[in-house]
Every structure is written in structure tokens, then in C-alpha cells.
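I have placed the structure first, in the form of C-alpha cells, so that the comments after it can refer back to it.
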Amino acid sequence: MVFGVLLAGSSPDLNAAIGADPIGALTSILPVWFLIPFALVAILGLVGGAVLDIYSSGLALLSVGVKIPRPVAAGVDGVFMVAGAIYIAFFATDFVGPFQAFLITLGVPIAAWAGIFVADVLLRRTAYAESELDDRRGRYGDVRWGAIALVAVGTALGWGLVTLASPAWLSWQGYLLGPFGLGGRDGAWAYANLGVLVALVVGFLGTLLFARGSVRRQEAQR
């Protein structure tokens, strides 16, 4: 990774080429034999990450109520992952742009969720009743609408404060940069990713302010 950063920083032209096509850019400056160990390392690294991703994404697919066996859920997610990786690596005209757009667009609601989770843990004086976490009739209930509302509000504010260079179909983001006096989509704050921080703060402070009573009621139950 360090070598890659130094390599990309050594030449503006190479940096631009790596952003558009990382594999194709390296073939133009490295001997052919080097691509074999490079491909092996890259593939093994992707496999390691994919194992964790398929495990968690398959569990998430089942948690939303899809009635399929666990191996099938993992297989469905694996197919989407492989197809997306092949498209980005070998067919997409730009690599960095869509990758950053994916991270930022999903990072905003994830930041709001993370803020809620951290605040919920801080509010609790006792450990969770683990046996009731999966019980809809337990003290935690089925759906926490307050938390969902905070994620929605944090996401709406967060997407309004981030902007993406590509792809074009996500250009609607950043709609609050102008109204908030931050210079609009072309201003100095356009690519500061303030939306991720705002979503995190909304989830965190919102939970501290509005969930304290429900947490105390949950802990009072025995």
C-alpha cells in the first residue's frame, strides 16, 4: 500500500491513469512477470475481504425477512459482489470516482447508525439482555422508530452536505451546501464530506436527547 501511494504520487499522469484503470496503468510500467505475483496478492486479499463481507451481508439479508437458507443468502450476495468487482475492475471507464461515490453515499447513513449505536451504549448502565435481543416480544421490541427517524434525518442532512464528481446520477447530492452558505457544489466546502460528520452527530446527539427514557424503562425490566 505504501509503495502504491508513493508510485501514484511520483507522476501526475500515472496518478490519473491509476484512477481510471489501476491494472492497465501498472501493465505499462512494470515487467510482465511482476503482474503474476501482483494478481495473486490482489486476489487473495479480495478473497479475505469477501469472506467477511459475504458472512455479514448474508446475515443482513436474512435479518430483513428474506425467507431463504443461510447458504443461499451468502450465494446471492457473492454473485452480486463478483459481478460488481468484475465490472469496476475491467469494464468501467473510471475506478476512483464510482468507488468514492459508493463509499460516501453509503457512509452517510452508516455514520448516522454508528452515532445511534455509540450513544445507546453510553446511555446504558447495565449490559444488554442478550436473550431478548432477538425476541420481538422482549423489552427491546421489534422496531425502534425513533432510531429509524434519526437515521432518516441524518441521511437527509448528510447527503445534502456531500458532493460527488461522478457518477452523474448522484449529482443531486450537495443540495444543502448553497442554502447553508457553504459555497454550493463548487465551493471550498464541496468535497469536505461534512455530511458524514453531520450524520454521525445527528444520530449521536439525537439518541442522547430522545432515547434516555426508553433505555431506562428497558433496564428497569427484569
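In the C-alpha cells, chains take letters A, B, ... by order of appearance, with residues numbered from 1 within each chain and ligands from 1 in the order shown.
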Exercise for the section: Would you list the contacts of segment 80-86 of chain A as a PyMOL selection string, taking every protein, DNA or RNA residue within 10 Å and counting only C-alpha atoms, but skipping same-chain residues closer than 4 positions in sequence? Expected result: chain A and resi 46+50+53-54+75-76+90-92
Restricted to N, CA, C and O atoms, what would the selected residues look like written as a PDB file, in the first residue's frame?
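File produced: part28.pdb:
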```
ATOM      1  N   LEU A  46      -8.613  -9.893  -1.860  1.00  0.00           N
ATOM      2  CA  LEU A  46     -10.047  -9.764  -2.129  1.00  0.00           C
ATOM      3  C   LEU A  46     -10.825 -10.934  -1.539  1.00  0.00           C
ATOM      4  O   LEU A  46     -11.934 -10.757  -1.031  1.00  0.00           O
ATOM      5  N   ALA A  50     -13.761 -10.654   1.013  1.00  0.00           N
ATOM      6  CA  ALA A  50     -15.057 -11.157   0.547  1.00  0.00           C
ATOM      7  C   ALA A  50     -15.668 -12.144   1.529  1.00  0.00           C
ATOM      8  O   ALA A  50     -16.891 -12.195   1.685  1.00  0.00           O
ATOM      9  N   ASP A  53     -17.299 -10.072   4.087  1.00  0.00           N
ATOM     10  CA  ASP A  53     -18.437  -9.347   3.505  1.00  0.00           C
ATOM     11  C   ASP A  53     -19.621 -10.275   3.262  1.00  0.00           C
ATOM     12  O   ASP A  53     -20.772  -9.922   3.541  1.00  0.00           O
ATOM     13  N   ILE A  54     -19.353 -11.453   2.719  1.00  0.00           N
ATOM     14  CA  ILE A  54     -20.441 -12.392   2.429  1.00  0.00           C
ATOM     15  C   ILE A  54     -21.091 -12.870   3.723  1.00  0.00           C
ATOM     16  O   ILE A  54     -22.307 -13.025   3.810  1.00  0.00           O
ATOM     17  N   GLY A  75     -24.775 -17.007  -1.120  1.00  0.00           N
ATOM     18  CA  GLY A  75     -24.554 -17.151  -2.556  1.00  0.00           C
ATOM     19  C   GLY A  75     -25.085 -15.988  -3.358  1.00  0.00           C
ATOM     20  O   GLY A  75     -24.435 -15.518  -4.302  1.00  0.00           O
ATOM     21  N   VAL A  76     -26.262 -15.487  -2.990  1.00  0.00           N
ATOM     22  CA  VAL A  76     -26.839 -14.329  -3.682  1.00  0.00           C
ATOM     23  C   VAL A  76     -25.926 -13.118  -3.546  1.00  0.00           C
ATOM     24  O   VAL A  76     -25.608 -12.420  -4.523  1.00  0.00           O
ATOM     25  N   PHE A  90     -12.618  -4.174 -14.699  1.00  0.00           N
ATOM     26  CA  PHE A  90     -12.264  -4.463 -16.078  1.00  0.00           C
ATOM     27  C   PHE A  90     -13.100  -3.729 -17.122  1.00  0.00           C
ATOM     28  O   PHE A  90     -12.676  -3.624 -18.276  1.00  0.00           O
ATOM     29  N   PHE A  91     -14.258  -3.190 -16.779  1.00  0.00           N
ATOM     30  CA  PHE A  91     -15.116  -2.594 -17.789  1.00  0.00           C
ATOM     31  C   PHE A  91     -15.422  -1.113 -17.551  1.00  0.00           C
ATOM     32  O   PHE A  91     -15.640  -0.376 -18.495  1.00  0.00           O
ATOM     33  N   ALA A  92     -15.475  -0.675 -16.303  1.00  0.00           N
ATOM     34  CA  ALA A  92     -15.801   0.718 -16.018  1.00  0.00           C
ATOM     35  C   ALA A  92     -14.690   1.630 -16.523  1.00  0.00           C
ATOM     36  O   ALA A  92     -13.500   1.309 -16.436  1.00  0.00           O
TER      37      ALA A  92
END
```
Checklist line | Spatial neighbours of segment 118-124 of chain A, 6 Å, only C-alpha atoms, chain gap at least 4 places, as a list in words | finding: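 Near segment 118-124 of chain A, the qualifying residues are Phe204, Thr207 and Leu208 of chain A.
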**Message:** Excluding Ala168 of chain A and its own-chain neighbours fewer than 3 positions away, which residues fall within 12 Å of it when counting only C-alpha atoms? Please give them as a PyMOL selection string.
**Reply:** chain A and resi 97-98+101+163-165+171-173
Would you mind exporting N, CA, C and O atoms of the selected residues as a PDB file, in the first residue's frame?
```pdb
ATOM      1  N   GLY A  97     -13.749   7.357  -9.099  1.00  0.00           N
ATOM      2  CA  GLY A  97     -14.989   8.119  -8.967  1.00  0.00           C
ATOM      3  C   GLY A  97     -16.151   7.299  -8.436  1.00  0.00           C
ATOM      4  O   GLY A  97     -16.731   7.627  -7.392  1.00  0.00           O
ATOM      5  N   PRO A  98     -16.519   6.200  -9.122  1.00  0.00           N
ATOM      6  CA  PRO A  98     -17.614   5.367  -8.611  1.00  0.00           C
ATOM      7  C   PRO A  98     -17.316   4.756  -7.254  1.00  0.00           C
ATOM      8  O   PRO A  98     -18.211   4.611  -6.421  1.00  0.00           O
ATOM      9  N   ALA A 101     -17.845   7.441  -4.697  1.00  0.00           N
ATOM     10  CA  ALA A 101     -19.277   7.722  -4.611  1.00  0.00           C
ATOM     11  C   ALA A 101     -19.989   6.648  -3.805  1.00  0.00           C
ATOM     12  O   ALA A 101     -20.879   6.947  -2.997  1.00  0.00           O
ATOM     13  N   THR A 163     -20.844  16.129  -1.922  1.00  0.00           N
ATOM     14  CA  THR A 163     -20.993  16.207  -3.373  1.00  0.00           C
ATOM     15  C   THR A 163     -19.985  15.275  -4.022  1.00  0.00           C
ATOM     16  O   THR A 163     -18.914  15.029  -3.472  1.00  0.00           O
ATOM     17  N   LEU A 164     -20.340  14.747  -5.173  1.00  0.00           N
ATOM     18  CA  LEU A 164     -19.533  13.729  -5.833  1.00  0.00           C
ATOM     19  C   LEU A 164     -19.205  14.172  -7.250  1.00  0.00           C
ATOM     20  O   LEU A 164     -20.047  14.736  -7.956  1.00  0.00           O
ATOM     21  N   ALA A 165     -17.974  13.904  -7.660  1.00  0.00           N
ATOM     22  CA  ALA A 165     -17.569  14.260  -9.019  1.00  0.00           C
ATOM     23  C   ALA A 165     -18.206  13.341 -10.054  1.00  0.00           C
ATOM     24  O   ALA A 165     -18.497  13.749 -11.175  1.00  0.00           O
ATOM     25  N   SER A 171     -25.398  13.310  -8.859  1.00  0.00           N
ATOM     26  CA  SER A 171     -25.076  14.735  -8.791  1.00  0.00           C
ATOM     27  C   SER A 171     -26.104  15.536  -7.997  1.00  0.00           C
ATOM     28  O   SER A 171     -25.871  16.704  -7.698  1.00  0.00           O
ATOM     29  N   TRP A 172     -27.245  14.939  -7.657  1.00  0.00           N
ATOM     30  CA  TRP A 172     -28.257  15.649  -6.876  1.00  0.00           C
ATOM     31  C   TRP A 172     -27.807  15.872  -5.433  1.00  0.00           C
ATOM     32  O   TRP A 172     -28.355  16.729  -4.726  1.00  0.00           O
ATOM     33  N   GLN A 173     -26.812  15.136  -4.977  1.00  0.00           N
ATOM     34  CA  GLN A 173     -26.332  15.339  -3.621  1.00  0.00           C
ATOM     35  C   GLN A 173     -25.637  16.697  -3.503  1.00  0.00           C
ATOM     36  O   GLN A 173     -25.154  17.256  -4.471  1.00  0.00           O
TER      37      GLN A 173
END
```
Selected residue, from A:Ile23, A:Ala73, A:Leu6, A:Ile116, that lies nearest to Asp94 of chain A when counting only C-alpha atoms: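 Distance minimum relative to Asp94 of chain A lands on A:Ile23.
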Item to complete: Would you work out the distance separating atom CA of Gly158 of chain A from atom CA of Leu194 of chain A, expressed in Å to one decimal?
Response: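 If I compute the distance from atom CA of Gly158 of chain A to atom CA of Leu194 of chain A, I get 7.2 Å.
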Within 10 Å of segment 24-27 of chain A using only C-alpha atoms, minus same-chain residues under 4 positions, as a count of residues only | 16
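Shortest atom-to-atom contact with Glu132 of chain A among A:Gln221, A:Pro69, A:Ala8, A:Gly45: A:Gln221, counting only C-alpha atoms.
Listed by chain and then by rising number, the residues of segment 133-180 of chain A that DSSP assigns to alpha helix (DSSP H) from the backbone are Trp145, Gly146, Ala147, Ile148, Ala149, Leu150, Val151, Ala152, Val153, Gly154, Thr155, Ala156, Leu157, Gly158 and Trp159 of chain A.
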Now that the selection is made, can you save its residues with N, CA and C atoms as an mmCIF file, in the first residue's frame?
```cif
data_model
loop_
_atom_site.group_PDB
_atom_site.id
_atom_site.type_symbol
_atom_site.label_atom_id
_atom_site.label_comp_id
_atom_site.auth_asym_id
_atom_site.auth_seq_id
_atom_site.Cartn_x
_atom_site.Cartn_y
_atom_site.Cartn_z
ATOM 1 N N TRP A 145 -38.641 3.077 16.154
ATOM 2 C CA TRP A 145 -38.961 4.095 15.155
ATOM 3 C C TRP A 145 -38.191 5.383 15.389
ATOM 4 N N GLY A 146 -37.868 5.672 16.641
ATOM 5 C CA GLY A 146 -37.065 6.861 16.906
ATOM 6 C C GLY A 146 -35.694 6.769 16.266
ATOM 7 N N ALA A 147 -35.070 5.596 16.374
ATOM 8 C CA ALA A 147 -33.763 5.397 15.750
ATOM 9 C C ALA A 147 -33.856 5.472 14.233
ATOM 10 N N ILE A 148 -34.915 4.902 13.668
ATOM 11 C CA ILE A 148 -35.099 4.966 12.220
ATOM 12 C C ILE A 148 -35.287 6.410 11.770
ATOM 13 N N ALA A 149 -36.035 7.194 12.551
ATOM 14 C CA ALA A 149 -36.232 8.605 12.213
ATOM 15 C C ALA A 149 -34.907 9.362 12.258
ATOM 16 N N LEU A 150 -34.058 9.070 13.235
ATOM 17 C CA LEU A 150 -32.757 9.731 13.318
ATOM 18 C C LEU A 150 -31.870 9.359 12.129
ATOM 19 N N VAL A 151 -31.906 8.106 11.719
ATOM 20 C CA VAL A 151 -31.144 7.711 10.534
ATOM 21 C C VAL A 151 -31.651 8.469 9.306
ATOM 22 N N ALA A 152 -32.979 8.590 9.176
ATOM 23 C CA ALA A 152 -33.554 9.293 8.027
ATOM 24 C C ALA A 152 -33.158 10.766 8.035
ATOM 25 N N VAL A 153 -33.269 11.422 9.199
ATOM 26 C CA VAL A 153 -32.910 12.839 9.285
ATOM 27 C C VAL A 153 -31.413 13.032 9.046
ATOM 28 N N GLY A 154 -30.588 12.193 9.691
ATOM 29 C CA GLY A 154 -29.147 12.302 9.497
ATOM 30 C C GLY A 154 -28.744 12.059 8.053
ATOM 31 N N THR A 155 -29.396 11.111 7.397
ATOM 32 C CA THR A 155 -29.084 10.824 5.996
ATOM 33 C C THR A 155 -29.493 11.982 5.103
ATOM 34 N N ALA A 156 -30.685 12.549 5.332
ATOM 35 C CA ALA A 156 -31.148 13.674 4.510
ATOM 36 C C ALA A 156 -30.213 14.868 4.650
ATOM 37 N N LEU A 157 -29.795 15.171 5.870
ATOM 38 C CA LEU A 157 -28.852 16.277 6.067
ATOM 39 C C LEU A 157 -27.476 15.933 5.508
ATOM 40 N N GLY A 158 -27.044 14.700 5.737
ATOM 41 C CA GLY A 158 -25.714 14.302 5.287
ATOM 42 C C GLY A 158 -25.576 14.312 3.778
ATOM 43 N N TRP A 159 -26.532 13.741 3.064
ATOM 44 C CA TRP A 159 -26.464 13.751 1.607
ATOM 45 C C TRP A 159 -26.516 15.176 1.050
#
```
Find, counting only C-alpha atoms, the residue in A:Arg139, A:Asp134, A:Val47, A:Pro71 that gets nearest to Arg217 of chain A.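 Of A:Arg139, A:Asp134, A:Val47, A:Pro71, the one nearest Arg217 of chain A, counting only C-alpha atoms, is A:Arg139.
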One-decimal distance in Å that lies between atom CA of Pro109 of chain A and atom CA of Val64 of chain A: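 We find that atom CA of Val64 of chain A and atom CA of Pro109 of chain A lie 16.8 Å from each other.
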* **Shell of 12 Å around Ala129 of chain A, only C-alpha atoms, local chain residues under 6 positions omitted, as number ranges by chain** => A: 135, 138-140, 218-222
